[in-house]
Amino acid sequence: MSEVRIGIIGGSGLYEMEGLRQVRKVLPSTPFGVPSDGIVVGELEDVPVAFLARHGEGHRLTPAEVPARANVYALKSLGVERVISVSAVGSLREEVRPLDVVVPDQLIDRTKGRPDTFFGQGVVAHVSFADPVCPQLAEVLYQKARESKLPVHRGGTYVVIEGVAFSTRAESQLYRSWGASVIGMTALPEAKLAREAELCYAILALVTDYDVWHQGYGQVTADMVLANLGRNVVTAEDVLKQVVRELPSQRSCGCGTALDTAMVTAAQRVPTEARQRLGPLLSRYLAAKGERH
C-alpha cells in the first residue's frame, strides 16, 4: 500500500468507514497517550486512507475526554497530510436545516481546559489561526457535496461548546446574535492541533437539529441527534469517497509550512527531549533549518 496521506476522523454515528479494503488496524504510541481507538488503515476508492473514530468504538468518550493530541499526533506519525473531520452539529440559522451539510470556515472556542497545544516544555510556537480550516480541502468537500446534489452550505462559523449538556436557550440565542451558523462540541482543539502539526484540516458538518433557539422545535435530545445521524452517515460516506478520489496529490495551501512563521524558540535551542517528543511535528522544520533531529 502507498503512503497514507489522507486521514478521516469520524464523529458521532460514524464509527467505521464503509468501503475500506485491505484493512489493518494500528495503535501508534504517542507522548500524549493512546488515540481514541485503533486507527484503521486501508484503501478507499483505491486511495490509501487512515480512519479514526473520534469517540472510540461504541462511542465511549465524551467530547472533553477525546485525546485530541494523541489522535492528531498518531495520524501525523502515519504520514497523514490532510485530515477530514466529520462532525455532528446543530443549526443556528433558519436556512441551515436538519440533514443539511455545512463546510464551515470559522470557529469560535467555548471549550474549557482542553489541552490544545503540542508545545511547551522547552519549545514555543504560535501558529497563525486566523483561518482555521484549509481552503483547498474545504473547497473540495463543498464541490463534491454539491455534485452529490446535497443541500450544502459553504462557509459559516462553528461554535464549539464544552458540553456534555446541550445549550440553554439563552446560550443558543447568544450564539445566533454572534452570526454563527452551527454549534457542536468537537472541532476544537482538534483544528488547532492539526495546524500545529502542519496538517490540512476541514470539516464536513452534518446538521442534526435546530439546537434550542427555534420555537417550532422542541428540546434537543441525544435520541433526536442519533436518529438524524443515521441518515447523515450515508451522505457523509458518499461524499468522502468522492473527495479522496479528487484531491490533488500536491498541497498548494500554506498548511504544510505553518511552523515556518510560528516557531519562537530558535532551532538550535530546541532541547533534545523536545526533538524526540515532537519528532514527527518538528522534523520538516528542523531539517529546513539545517538542524539534525
# chains A, B, ... in the order shown; residues from 1 in each chain; ligands from 1

call {"tool": "closest_atom_pairs", "arguments": {"of": "range 46-150 of chain A", "to": "range 275-288 of chain A", "cutoff": "10 Å", "atoms": "only C-alpha atoms", "output": "CSV"}}
result
residue,atom,partner,partner_atom,distance
A:Tyr73,CA,A:Pro280,CA,7.7
A:Ala74,CA,A:Pro280,CA,9.3
A:Leu75,CA,A:Pro280,CA,9.9
A:Lys76,CA,A:Pro280,CA,6.6
A:Ser77,CA,A:Pro280,CA,5.7
A:Leu78,CA,A:Pro280,CA,9.1
A:Gly79,CA,A:Pro280,CA,8.8
A:Phe118,CA,A:Leu278,CA,7.7
A:Phe119,CA,A:Leu278,CA,8.5
A:Gly122,CA,A:Arg275,CA,9.8
A:Val123,CA,A:Arg275,CA,9.1

call {"tool": "write_last_selection", "arguments": {"atoms": "N, CA and C atoms", "output": "compact mmCIF listing (two decimals), in the first residue's frame"}}
result
# COMPACT_ATOMS: atom_id res chain seq x y z
N TYR A 73 -1.43 13.55 16.65
CA TYR A 73 -0.04 13.10 16.62
C TYR A 73 0.05 11.74 15.93
N ALA A 74 -0.86 10.82 16.26
CA ALA A 74 -0.83 9.48 15.67
C ALA A 74 -1.04 9.54 14.17
N LEU A 75 -1.98 10.36 13.71
CA LEU A 75 -2.21 10.48 12.27
C LEU A 75 -0.98 11.07 11.59
N LYS A 76 -0.38 12.09 12.18
CA LYS A 76 0.83 12.69 11.63
C LYS A 76 1.95 11.65 11.53
N SER A 77 2.10 10.83 12.55
CA SER A 77 3.18 9.84 12.57
C SER A 77 2.99 8.76 11.50
N LEU A 78 1.76 8.59 11.02
CA LEU A 78 1.49 7.63 9.94
C LEU A 78 1.75 8.22 8.56
N GLY A 79 2.07 9.50 8.49
CA GLY A 79 2.32 10.15 7.21
C GLY A 79 1.16 10.96 6.67
N PHE A 118 0.70 21.22 21.32
CA PHE A 118 1.78 20.24 21.48
C PHE A 118 3.00 20.89 22.12
N PHE A 119 3.02 22.23 22.13
CA PHE A 119 4.23 22.92 22.51
C PHE A 119 4.28 23.25 24.01
N GLY A 122 10.03 23.69 26.84
CA GLY A 122 11.29 23.97 26.17
C GLY A 122 11.18 24.41 24.73
N VAL A 123 10.00 24.37 24.16
CA VAL A 123 9.85 24.82 22.78
C VAL A 123 8.53 25.58 22.64

call {"tool": "closest_atom_pairs", "arguments": {"of": "range 134-199 of chain A", "to": "range 3-7 of chain A", "cutoff": "12 Å", "atoms": "only C-alpha atoms", "output": "JSON lines"}}
result
{"residue": "A:Leu137", "atom": "CA", "partner": "A:Ile6", "partner_atom": "CA", "distance": 10.8}
{"residue": "A:Ala194", "atom": "CA", "partner": "A:Gly7", "partner_atom": "CA", "distance": 11.2}
{"residue": "A:Leu199", "atom": "CA", "partner": "A:Ile6", "partner_atom": "CA", "distance": 9.8}

call {"tool": "closest_atom_pairs", "arguments": {"of": "range 153-245 of chain A", "to": "range 41-50 of chain A", "cutoff": "8 Å", "atoms": "only C-alpha atoms", "output": "JSON lines"}}
result
{"residue": "A:Lys241", "atom": "CA", "partner": "A:Glu45", "partner_atom": "CA", "distance": 6.3}
{"residue": "A:Val244", "atom": "CA", "partner": "A:Val47", "partner_atom": "CA", "distance": 6.6}
{"residue": "A:Arg245", "atom": "CA", "partner": "A:Glu45", "partner_atom": "CA", "distance": 6.6}

call {"tool": "write_last_selection", "arguments": {"atoms": "N, CA and C atoms", "output": "PDB file, in the first residue's frame"}}
result
ATOM      1  N   LYS A 241     -15.923   9.373  -0.251  1.00  0.00           N
ATOM      2  CA  LYS A 241     -15.385   8.544  -1.341  1.00  0.00           C
ATOM      3  C   LYS A 241     -15.024   9.395  -2.547  1.00  0.00           C
ATOM      4  N   VAL A 244     -11.738  11.747  -1.667  1.00  0.00           N
ATOM      5  CA  VAL A 244     -10.409  11.130  -1.678  1.00  0.00           C
ATOM      6  C   VAL A 244      -9.944  10.837  -3.106  1.00  0.00           C
ATOM      7  N   ARG A 245     -10.899  10.609  -4.009  1.00  0.00           N
ATOM      8  CA  ARG A 245     -10.534  10.389  -5.419  1.00  0.00           C
ATOM      9  C   ARG A 245     -10.043  11.663  -6.083  1.00  0.00           C
TER      10      ARG A 245
END

call {"tool": "residues_around", "arguments": {"residues": "range 165-181 of chain A", "least_positions_apart": "3", "cutoff": "12 Å", "atoms": "only C-alpha atoms", "output": "number ranges by chain"}}
result
A: 62-64, 89-97, 100-110, 153-162, 184-185, 205, 207, 209-215, 217-222, 225

call {"tool": "residues_around", "arguments": {"residues": "Gln242 in chain A", "least_positions_apart": "4", "cutoff": "7 Å", "atoms": "only C-alpha atoms", "output": "count of residues only"}}
result
3

call {"tool": "closest_atom_pairs", "arguments": {"of": "range 159-250 of chain A", "to": "range 255-260 of chain A", "cutoff": "8 Å", "atoms": "only C-alpha atoms", "output": "CSV"}}
result
residue,atom,partner,partner_atom,distance
A:Arg195,CA,A:Cys255,CA,6.6
A:Glu196,CA,A:Ala258,CA,6.9
A:Glu198,CA,A:Gly256,CA,4.6
A:Leu199,CA,A:Cys255,CA,5.9
A:Cys200,CA,A:Cys255,CA,5.5

call {"tool": "write_last_selection", "arguments": {"atoms": "N, CA and C atoms", "output": "compact mmCIF listing (two decimals), in the first residue's frame"}}
result
# COMPACT_ATOMS: atom_id res chain seq x y z
N ARG A 195 -3.24 22.32 12.84
CA ARG A 195 -2.42 23.41 12.31
C ARG A 195 -0.99 23.31 12.85
N GLU A 196 -0.86 23.05 14.17
CA GLU A 196 0.48 22.90 14.74
C GLU A 196 1.24 21.74 14.11
N GLU A 198 0.98 20.89 11.07
CA GLU A 198 1.11 21.22 9.64
C GLU A 198 0.25 20.32 8.76
N LEU A 199 -0.92 19.98 9.28
CA LEU A 199 -1.88 19.19 8.53
C LEU A 199 -2.98 20.09 7.97
N CYS A 200 -3.42 19.81 6.75
CA CYS A 200 -4.63 20.44 6.24
C CYS A 200 -5.81 19.88 7.04

call {"tool": "atom_distance", "arguments": {"atom1": "CA of Gly290 in chain A", "atom2": "CA of Phe129 in chain A"}}
result
26.4 Å

call {"tool": "residues_around", "arguments": {"residues": "Gly11 in chain A", "least_positions_apart": "5", "cutoff": "8 Å", "atoms": "only C-alpha atoms", "output": "number ranges by chain"}}
result
A: 53-55, 85-88

call {"tool": "write_last_selection", "arguments": {"atoms": "C-alpha atoms", "output": "compact mmCIF listing (two decimals), in the first residue's frame"}}
result
# COMPACT_ATOMS: atom_id res chain seq x y z
CA ALA A 53 -13.40 7.01 15.35
CA ARG A 54 -13.17 10.20 17.43
CA HIS A 55 -15.26 8.87 20.32
CA SER A 85 -13.27 15.85 10.22
CA VAL A 86 -16.85 14.57 10.17
CA SER A 87 -18.86 16.31 12.87
CA ALA A 88 -22.48 16.29 14.06

call {"tool": "residues_around", "arguments": {"residues": "Val40 in chain A", "least_positions_apart": "2", "cutoff": "8 Å", "atoms": "only C-alpha atoms", "output": "ChimeraX atom specification"}}
result
/A:23-26,38,42,50-52

call {"tool": "closest_residue", "arguments": {"among": "A:Leu27, A:Val124, A:Glu81, A:Thr117", "to": "Ala267 in chain A", "atoms": "only C-alpha atoms"}}
result
A:Val124

call {"tool": "residues_around", "arguments": {"residues": "Ala70 in chain A", "least_positions_apart": "4", "cutoff": "9 Å", "atoms": "only C-alpha atoms", "output": "list of chain:residue names"}}
result
A:Pro28, A:Ser29, A:Thr30, A:Pro31, A:Phe32, A:Gly33, A:Val34, A:Pro35, A:Ser36, A:Val66, A:Ala74, A:Leu75

call {"tool": "write_last_selection", "arguments": {"atoms": "N, CA and C atoms", "output": "mmCIF file, in the first residue's frame"}}
result
data_model
loop_
_atom_site.group_PDB
_atom_site.id
_atom_site.type_symbol
_atom_site.label_atom_id
_atom_site.label_comp_id
_atom_site.auth_asym_id
_atom_site.auth_seq_id
_atom_site.Cartn_x
_atom_site.Cartn_y
_atom_site.Cartn_z
ATOM 1 N N PRO A 28 -0.765 3.533 17.152
ATOM 2 C CA PRO A 28 0.551 4.151 17.382
ATOM 3 C C PRO A 28 0.670 4.669 18.807
ATOM 4 N N SER A 29 1.857 4.515 19.380
ATOM 5 C CA SER A 29 2.106 5.118 20.688
ATOM 6 C C SER A 29 2.482 6.575 20.476
ATOM 7 N N THR A 30 2.064 7.421 21.402
ATOM 8 C CA THR A 30 2.379 8.847 21.298
ATOM 9 C C THR A 30 2.797 9.367 22.663
ATOM 10 N N PRO A 31 3.522 10.478 22.710
ATOM 11 C CA PRO A 31 3.878 11.074 24.004
ATOM 12 C C PRO A 31 2.672 11.653 24.729
ATOM 13 N N PHE A 32 1.517 11.652 24.059
ATOM 14 C CA PHE A 32 0.310 12.256 24.628
ATOM 15 C C PHE A 32 -0.761 11.205 24.921
ATOM 16 N N GLY A 33 -0.322 9.960 25.089
ATOM 17 C CA GLY A 33 -1.244 8.879 25.392
ATOM 18 C C GLY A 33 -1.676 8.127 24.143
ATOM 19 N N VAL A 34 -2.699 7.312 24.299
ATOM 20 C CA VAL A 34 -3.171 6.497 23.176
ATOM 21 C C VAL A 34 -4.315 7.220 22.472
ATOM 22 N N PRO A 35 -4.477 7.017 21.167
ATOM 23 C CA PRO A 35 -5.598 7.621 20.446
ATOM 24 C C PRO A 35 -6.945 7.098 20.941
ATOM 25 N N SER A 36 -8.007 7.700 20.437
ATOM 26 C CA SER A 36 -9.361 7.306 20.839
ATOM 27 C C SER A 36 -9.620 5.831 20.612
ATOM 28 N N VAL A 66 -12.013 13.125 24.602
ATOM 29 C CA VAL A 66 -11.334 12.742 23.366
ATOM 30 C C VAL A 66 -9.864 13.168 23.459
ATOM 31 N N ALA A 74 -0.863 10.825 16.264
ATOM 32 C CA ALA A 74 -0.833 9.484 15.672
ATOM 33 C C ALA A 74 -1.037 9.544 14.166
ATOM 34 N N LEU A 75 -1.985 10.358 13.713
ATOM 35 C CA LEU A 75 -2.211 10.485 12.268
ATOM 36 C C LEU A 75 -0.975 11.074 11.589
#

call {"tool": "select_by_dssp", "arguments": {"residues": "range 130-285 of chain A", "states": "alpha helix (DSSP H)", "output": "PDB file with N, CA and C atoms, in the first residue's frame"}}
result
ATOM      1  N   PRO A 135      -8.386  26.071   3.062  1.00  0.00           N
ATOM      2  CA  PRO A 135      -9.312  26.469   1.997  1.00  0.00           C
ATOM      3  C   PRO A 135      -9.358  25.478   0.833  1.00  0.00           C
ATOM      4  N   GLN A 136      -8.235  24.889   0.517  1.00  0.00           N
ATOM      5  CA  GLN A 136      -8.194  23.927  -0.589  1.00  0.00           C
ATOM      6  C   GLN A 136      -9.028  22.694  -0.264  1.00  0.00           C
ATOM      7  N   LEU A 137      -8.821  22.136   0.924  1.00  0.00           N
ATOM      8  CA  LEU A 137      -9.545  20.933   1.313  1.00  0.00           C
ATOM      9  C   LEU A 137     -11.029  21.227   1.490  1.00  0.00           C
ATOM     10  N   ALA A 138     -11.355  22.377   2.082  1.00  0.00           N
ATOM     11  CA  ALA A 138     -12.760  22.746   2.276  1.00  0.00           C
ATOM     12  C   ALA A 138     -13.480  22.910   0.945  1.00  0.00           C
ATOM     13  N   GLU A 139     -12.813  23.472  -0.028  1.00  0.00           N
ATOM     14  CA  GLU A 139     -13.438  23.674  -1.341  1.00  0.00           C
ATOM     15  C   GLU A 139     -13.749  22.346  -2.022  1.00  0.00           C
ATOM     16  N   VAL A 140     -12.857  21.388  -1.905  1.00  0.00           N
ATOM     17  CA  VAL A 140     -13.123  20.069  -2.498  1.00  0.00           C
ATOM     18  C   VAL A 140     -14.307  19.400  -1.799  1.00  0.00           C
ATOM     19  N   LEU A 141     -14.371  19.501  -0.474  1.00  0.00           N
ATOM     20  CA  LEU A 141     -15.511  18.957   0.263  1.00  0.00           C
ATOM     21  C   LEU A 141     -16.817  19.569  -0.232  1.00  0.00           C
ATOM     22  N   TYR A 142     -16.816  20.887  -0.362  1.00  0.00           N
ATOM     23  CA  TYR A 142     -18.026  21.583  -0.797  1.00  0.00           C
ATOM     24  C   TYR A 142     -18.427  21.174  -2.210  1.00  0.00           C
ATOM     25  N   GLN A 143     -17.493  21.159  -3.116  1.00  0.00           N
ATOM     26  CA  GLN A 143     -17.816  20.843  -4.507  1.00  0.00           C
ATOM     27  C   GLN A 143     -18.330  19.420  -4.652  1.00  0.00           C
ATOM     28  N   LYS A 144     -17.754  18.487  -3.950  1.00  0.00           N
ATOM     29  CA  LYS A 144     -18.211  17.099  -4.062  1.00  0.00           C
ATOM     30  C   LYS A 144     -19.587  16.917  -3.423  1.00  0.00           C
ATOM     31  N   ALA A 145     -19.866  17.654  -2.361  1.00  0.00           N
ATOM     32  CA  ALA A 145     -21.206  17.604  -1.772  1.00  0.00           C
ATOM     33  C   ALA A 145     -22.228  18.176  -2.746  1.00  0.00           C
ATOM     34  N   ARG A 146     -21.873  19.277  -3.425  1.00  0.00           N
ATOM     35  CA  ARG A 146     -22.771  19.860  -4.435  1.00  0.00           C
ATOM     36  C   ARG A 146     -23.023  18.885  -5.576  1.00  0.00           C
ATOM     37  N   GLU A 147     -21.979  18.250  -6.050  1.00  0.00           N
ATOM     38  CA  GLU A 147     -22.120  17.304  -7.155  1.00  0.00           C
ATOM     39  C   GLU A 147     -22.984  16.110  -6.765  1.00  0.00           C
ATOM     40  N   ARG A 169     -31.388  27.813  26.099  1.00  0.00           N
ATOM     41  CA  ARG A 169     -31.999  28.670  25.074  1.00  0.00           C
ATOM     42  C   ARG A 169     -31.281  30.018  25.009  1.00  0.00           C
ATOM     43  N   ALA A 170     -30.899  30.547  26.160  1.00  0.00           N
ATOM     44  CA  ALA A 170     -30.206  31.833  26.183  1.00  0.00           C
ATOM     45  C   ALA A 170     -28.858  31.746  25.459  1.00  0.00           C
ATOM     46  N   GLU A 171     -28.135  30.671  25.704  1.00  0.00           N
ATOM     47  CA  GLU A 171     -26.853  30.495  25.023  1.00  0.00           C
ATOM     48  C   GLU A 171     -27.050  30.372  23.517  1.00  0.00           C
ATOM     49  N   SER A 172     -28.045  29.597  23.127  1.00  0.00           N
ATOM     50  CA  SER A 172     -28.318  29.414  21.708  1.00  0.00           C
ATOM     51  C   SER A 172     -28.625  30.743  21.031  1.00  0.00           C
ATOM     52  N   GLN A 173     -29.428  31.576  21.678  1.00  0.00           N
ATOM     53  CA  GLN A 173     -29.744  32.893  21.125  1.00  0.00           C
ATOM     54  C   GLN A 173     -28.504  33.795  21.100  1.00  0.00           C
ATOM     55  N   LEU A 174     -27.650  33.674  22.097  1.00  0.00           N
ATOM     56  CA  LEU A 174     -26.411  34.454  22.115  1.00  0.00           C
ATOM     57  C   LEU A 174     -25.539  34.102  20.912  1.00  0.00           C
ATOM     58  N   TYR A 175     -25.368  32.820  20.654  1.00  0.00           N
ATOM     59  CA  TYR A 175     -24.526  32.402  19.531  1.00  0.00           C
ATOM     60  C   TYR A 175     -25.133  32.837  18.201  1.00  0.00           C
ATOM     61  N   ARG A 176     -26.450  32.851  18.111  1.00  0.00           N
ATOM     62  CA  ARG A 176     -27.102  33.361  16.906  1.00  0.00           C
ATOM     63  C   ARG A 176     -26.805  34.845  16.723  1.00  0.00           C
ATOM     64  N   SER A 177     -26.802  35.588  17.841  1.00  0.00           N
ATOM     65  CA  SER A 177     -26.539  37.022  17.748  1.00  0.00           C
ATOM     66  C   SER A 177     -25.112  37.301  17.293  1.00  0.00           C
ATOM     67  N   GLU A 190      -9.087  20.098  18.136  1.00  0.00           N
ATOM     68  CA  GLU A 190      -8.623  19.298  17.001  1.00  0.00           C
ATOM     69  C   GLU A 190      -8.018  20.167  15.893  1.00  0.00           C
ATOM     70  N   ALA A 191      -8.739  21.252  15.495  1.00  0.00           N
ATOM     71  CA  ALA A 191      -8.274  22.090  14.397  1.00  0.00           C
ATOM     72  C   ALA A 191      -6.974  22.814  14.746  1.00  0.00           C
ATOM     73  N   LYS A 192      -6.843  23.287  15.989  1.00  0.00           N
ATOM     74  CA  LYS A 192      -5.603  23.959  16.399  1.00  0.00           C
ATOM     75  C   LYS A 192      -4.424  22.999  16.350  1.00  0.00           C
ATOM     76  N   LEU A 193      -4.633  21.797  16.819  1.00  0.00           N
ATOM     77  CA  LEU A 193      -3.563  20.805  16.842  1.00  0.00           C
ATOM     78  C   LEU A 193      -3.163  20.402  15.432  1.00  0.00           C
ATOM     79  N   ALA A 194      -4.146  20.293  14.545  1.00  0.00           N
ATOM     80  CA  ALA A 194      -3.836  19.972  13.155  1.00  0.00           C
ATOM     81  C   ALA A 194      -2.959  21.051  12.539  1.00  0.00           C
ATOM     82  N   ARG A 195      -3.238  22.318  12.840  1.00  0.00           N
ATOM     83  CA  ARG A 195      -2.417  23.406  12.314  1.00  0.00           C
ATOM     84  C   ARG A 195      -0.990  23.313  12.855  1.00  0.00           C
ATOM     85  N   GLU A 196      -0.856  23.050  14.166  1.00  0.00           N
ATOM     86  CA  GLU A 196       0.485  22.902  14.735  1.00  0.00           C
ATOM     87  C   GLU A 196       1.237  21.741  14.110  1.00  0.00           C
ATOM     88  N   ALA A 222     -30.432  13.419  22.755  1.00  0.00           N
ATOM     89  CA  ALA A 222     -29.483  12.507  22.116  1.00  0.00           C
ATOM     90  C   ALA A 222     -30.200  11.585  21.136  1.00  0.00           C
ATOM     91  N   ASP A 223     -31.413  11.156  21.482  1.00  0.00           N
ATOM     92  CA  ASP A 223     -32.176  10.282  20.579  1.00  0.00           C
ATOM     93  C   ASP A 223     -32.444  10.979  19.248  1.00  0.00           C
ATOM     94  N   MET A 224     -32.820  12.262  19.302  1.00  0.00           N
ATOM     95  CA  MET A 224     -33.090  13.025  18.080  1.00  0.00           C
ATOM     96  C   MET A 224     -31.833  13.129  17.231  1.00  0.00           C
ATOM     97  N   VAL A 225     -30.721  13.461  17.880  1.00  0.00           N
ATOM     98  CA  VAL A 225     -29.462  13.627  17.158  1.00  0.00           C
ATOM     99  C   VAL A 225     -29.053  12.321  16.488  1.00  0.00           C
ATOM    100  N   LEU A 226     -29.121  11.229  17.230  1.00  0.00           N
ATOM    101  CA  LEU A 226     -28.680   9.941  16.693  1.00  0.00           C
ATOM    102  C   LEU A 226     -29.580   9.462  15.562  1.00  0.00           C
ATOM    103  N   ALA A 227     -30.869   9.750  15.651  1.00  0.00           N
ATOM    104  CA  ALA A 227     -31.782   9.341  14.583  1.00  0.00           C
ATOM    105  C   ALA A 227     -31.415  10.027  13.270  1.00  0.00           C
ATOM    106  N   ASN A 228     -31.162  11.322  13.318  1.00  0.00           N
ATOM    107  CA  ASN A 228     -30.778  12.037  12.106  1.00  0.00           C
ATOM    108  C   ASN A 228     -29.368  11.685  11.658  1.00  0.00           C
ATOM    109  N   LEU A 229     -28.504  11.359  12.603  1.00  0.00           N
ATOM    110  CA  LEU A 229     -27.157  10.958  12.234  1.00  0.00           C
ATOM    111  C   LEU A 229     -27.168   9.695  11.383  1.00  0.00           C
ATOM    112  N   GLY A 230     -28.065   8.780  11.709  1.00  0.00           N
ATOM    113  CA  GLY A 230     -28.151   7.554  10.928  1.00  0.00           C
ATOM    114  C   GLY A 230     -28.392   7.829   9.456  1.00  0.00           C
ATOM    115  N   ARG A 231     -29.171   8.863   9.175  1.00  0.00           N
ATOM    116  CA  ARG A 231     -29.442   9.244   7.795  1.00  0.00           C
ATOM    117  C   ARG A 231     -28.273  10.026   7.203  1.00  0.00           C
ATOM    118  N   ASN A 232     -27.609  10.811   8.038  1.00  0.00           N
ATOM    119  CA  ASN A 232     -26.498  11.630   7.561  1.00  0.00           C
ATOM    120  C   ASN A 232     -25.242  10.827   7.244  1.00  0.00           C
ATOM    121  N   VAL A 233     -25.041   9.712   7.935  1.00  0.00           N
ATOM    122  CA  VAL A 233     -23.811   8.946   7.761  1.00  0.00           C
ATOM    123  C   VAL A 233     -23.664   8.442   6.335  1.00  0.00           C
ATOM    124  N   VAL A 234     -24.741   7.983   5.754  1.00  0.00           N
ATOM    125  CA  VAL A 234     -24.696   7.514   4.366  1.00  0.00           C
ATOM    126  C   VAL A 234     -24.260   8.648   3.447  1.00  0.00           C
ATOM    127  N   THR A 235     -24.804   9.838   3.705  1.00  0.00           N
ATOM    128  CA  THR A 235     -24.423  11.037   2.956  1.00  0.00           C
ATOM    129  C   THR A 235     -22.925  11.293   3.086  1.00  0.00           C
ATOM    130  N   ALA A 236     -22.420  11.259   4.310  1.00  0.00           N
ATOM    131  CA  ALA A 236     -21.008  11.552   4.553  1.00  0.00           C
ATOM    132  C   ALA A 236     -20.112  10.561   3.849  1.00  0.00           C
ATOM    133  N   GLU A 237     -20.439   9.296   3.921  1.00  0.00           N
ATOM    134  CA  GLU A 237     -19.592   8.274   3.312  1.00  0.00           C
ATOM    135  C   GLU A 237     -19.505   8.456   1.800  1.00  0.00           C
ATOM    136  N   ASP A 238     -20.610   8.806   1.176  1.00  0.00           N
ATOM    137  CA  ASP A 238     -20.608   9.013  -0.270  1.00  0.00           C
ATOM    138  C   ASP A 238     -19.723  10.194  -0.651  1.00  0.00           C
ATOM    139  N   VAL A 239     -19.835  11.296   0.082  1.00  0.00           N
ATOM    140  CA  VAL A 239     -19.016  12.468  -0.206  1.00  0.00           C
ATOM    141  C   VAL A 239     -17.541  12.154   0.005  1.00  0.00           C
ATOM    142  N   LEU A 240     -17.211  11.463   1.082  1.00  0.00           N
ATOM    143  CA  LEU A 240     -15.814  11.153   1.385  1.00  0.00           C
ATOM    144  C   LEU A 240     -15.178  10.311   0.289  1.00  0.00           C
ATOM    145  N   LYS A 241     -15.923   9.373  -0.251  1.00  0.00           N
ATOM    146  CA  LYS A 241     -15.385   8.544  -1.341  1.00  0.00           C
ATOM    147  C   LYS A 241     -15.024   9.395  -2.547  1.00  0.00           C
ATOM    148  N   GLN A 242     -15.861  10.367  -2.853  1.00  0.00           N
ATOM    149  CA  GLN A 242     -15.576  11.248  -3.986  1.00  0.00           C
ATOM    150  C   GLN A 242     -14.396  12.169  -3.696  1.00  0.00           C
ATOM    151  N   VAL A 243     -14.327  12.651  -2.468  1.00  0.00           N
ATOM    152  CA  VAL A 243     -13.266  13.597  -2.109  1.00  0.00           C
ATOM    153  C   VAL A 243     -11.894  12.948  -2.214  1.00  0.00           C
ATOM    154  N   VAL A 244     -11.738  11.747  -1.667  1.00  0.00           N
ATOM    155  CA  VAL A 244     -10.409  11.130  -1.678  1.00  0.00           C
ATOM    156  C   VAL A 244      -9.944  10.837  -3.106  1.00  0.00           C
ATOM    157  N   ARG A 245     -10.899  10.609  -4.009  1.00  0.00           N
ATOM    158  CA  ARG A 245     -10.534  10.389  -5.419  1.00  0.00           C
ATOM    159  C   ARG A 245     -10.043  11.663  -6.083  1.00  0.00           C
ATOM    160  N   GLU A 246     -10.598  12.789  -5.692  1.00  0.00           N
ATOM    161  CA  GLU A 246     -10.379  14.033  -6.418  1.00  0.00           C
ATOM    162  C   GLU A 246      -9.319  14.955  -5.817  1.00  0.00           C
ATOM    163  N   THR A 272      16.903  18.525  23.321  1.00  0.00           N
ATOM    164  CA  THR A 272      16.924  17.168  22.763  1.00  0.00           C
ATOM    165  C   THR A 272      15.641  16.416  23.108  1.00  0.00           C
ATOM    166  N   GLU A 273      15.176  16.573  24.340  1.00  0.00           N
ATOM    167  CA  GLU A 273      13.957  15.875  24.754  1.00  0.00           C
ATOM    168  C   GLU A 273      12.769  16.308  23.906  1.00  0.00           C
ATOM    169  N   ALA A 274      12.682  17.607  23.602  1.00  0.00           N
ATOM    170  CA  ALA A 274      11.581  18.107  22.782  1.00  0.00           C
ATOM    171  C   ALA A 274      11.699  17.606  21.355  1.00  0.00           C
ATOM    172  N   ARG A 275      12.913  17.506  20.838  1.00  0.00           N
ATOM    173  CA  ARG A 275      13.119  16.965  19.495  1.00  0.00           C
ATOM    174  C   ARG A 275      12.615  15.529  19.408  1.00  0.00           C
ATOM    175  N   GLN A 276      12.866  14.794  20.452  1.00  0.00           N
ATOM    176  CA  GLN A 276      12.423  13.402  20.468  1.00  0.00           C
ATOM    177  C   GLN A 276      10.915  13.307  20.653  1.00  0.00           C
ATOM    178  N   ARG A 277      10.381  14.088  21.578  1.00  0.00           N
ATOM    179  CA  ARG A 277       8.948  14.047  21.882  1.00  0.00           C
ATOM    180  C   ARG A 277       8.106  14.514  20.701  1.00  0.00           C
ATOM    181  N   GLY A 279       9.115  14.699  17.468  1.00  0.00           N
ATOM    182  CA  GLY A 279       9.811  14.335  16.236  1.00  0.00           C
ATOM    183  C   GLY A 279       8.995  14.455  14.964  1.00  0.00           C
ATOM    184  N   PRO A 280       7.813  13.812  14.866  1.00  0.00           N
ATOM    185  CA  PRO A 280       7.033  13.902  13.625  1.00  0.00           C
ATOM    186  C   PRO A 280       6.582  15.328  13.297  1.00  0.00           C
ATOM    187  N   LEU A 281       6.399  16.160  14.319  1.00  0.00           N
ATOM    188  CA  LEU A 281       5.931  17.532  14.089  1.00  0.00           C
ATOM    189  C   LEU A 281       7.075  18.464  13.688  1.00  0.00           C
ATOM    190  N   LEU A 282       8.272  18.259  14.278  1.00  0.00           N
ATOM    191  CA  LEU A 282       9.366  19.196  14.077  1.00  0.00           C
ATOM    192  C   LEU A 282      10.336  18.786  12.982  1.00  0.00           C
ATOM    193  N   SER A 283      10.251  17.554  12.502  1.00  0.00           N
ATOM    194  CA  SER A 283      11.295  17.043  11.604  1.00  0.00           C
ATOM    195  C   SER A 283      11.452  17.889  10.351  1.00  0.00           C
ATOM    196  N   ARG A 284      10.366  18.281   9.706  1.00  0.00           N
ATOM    197  CA  ARG A 284      10.471  19.075   8.480  1.00  0.00           C
ATOM    198  C   ARG A 284      11.076  20.435   8.782  1.00  0.00           C
ATOM    199  N   TYR A 285      10.566  21.069   9.848  1.00  0.00           N
ATOM    200  CA  TYR A 285      11.035  22.409  10.197  1.00  0.00           C
ATOM    201  C   TYR A 285      12.523  22.395  10.539  1.00  0.00           C
TER     202      TYR A 285
END

call {"tool": "closest_residue", "arguments": {"among": "A:Leu61, A:Ile39, A:Cys253, A:Leu188", "to": "Lys112 in chain A", "atoms": "only C-alpha atoms"}}
result
A:Leu188

call {"tool": "decode", "arguments": {"residues": "range 235-247 of chain A", "atoms": "C-alpha atoms", "output": "compact mmCIF listing (two decimals), in the first residue's frame"}}
result
# COMPACT_ATOMS: atom_id res chain seq x y z
CA THR A 235 -24.42 11.04 2.96
CA ALA A 236 -21.01 11.55 4.55
CA GLU A 237 -19.59 8.27 3.31
CA ASP A 238 -20.61 9.01 -0.27
CA VAL A 239 -19.02 12.47 -0.21
CA LEU A 240 -15.81 11.15 1.38
CA LYS A 241 -15.39 8.54 -1.34
CA GLN A 242 -15.58 11.25 -3.99
CA VAL A 243 -13.27 13.60 -2.11
CA VAL A 244 -10.41 11.13 -1.68
CA ARG A 245 -10.53 10.39 -5.42
CA GLU A 246 -10.38 14.03 -6.42
CA LEU A 247 -7.87 15.58 -4.01
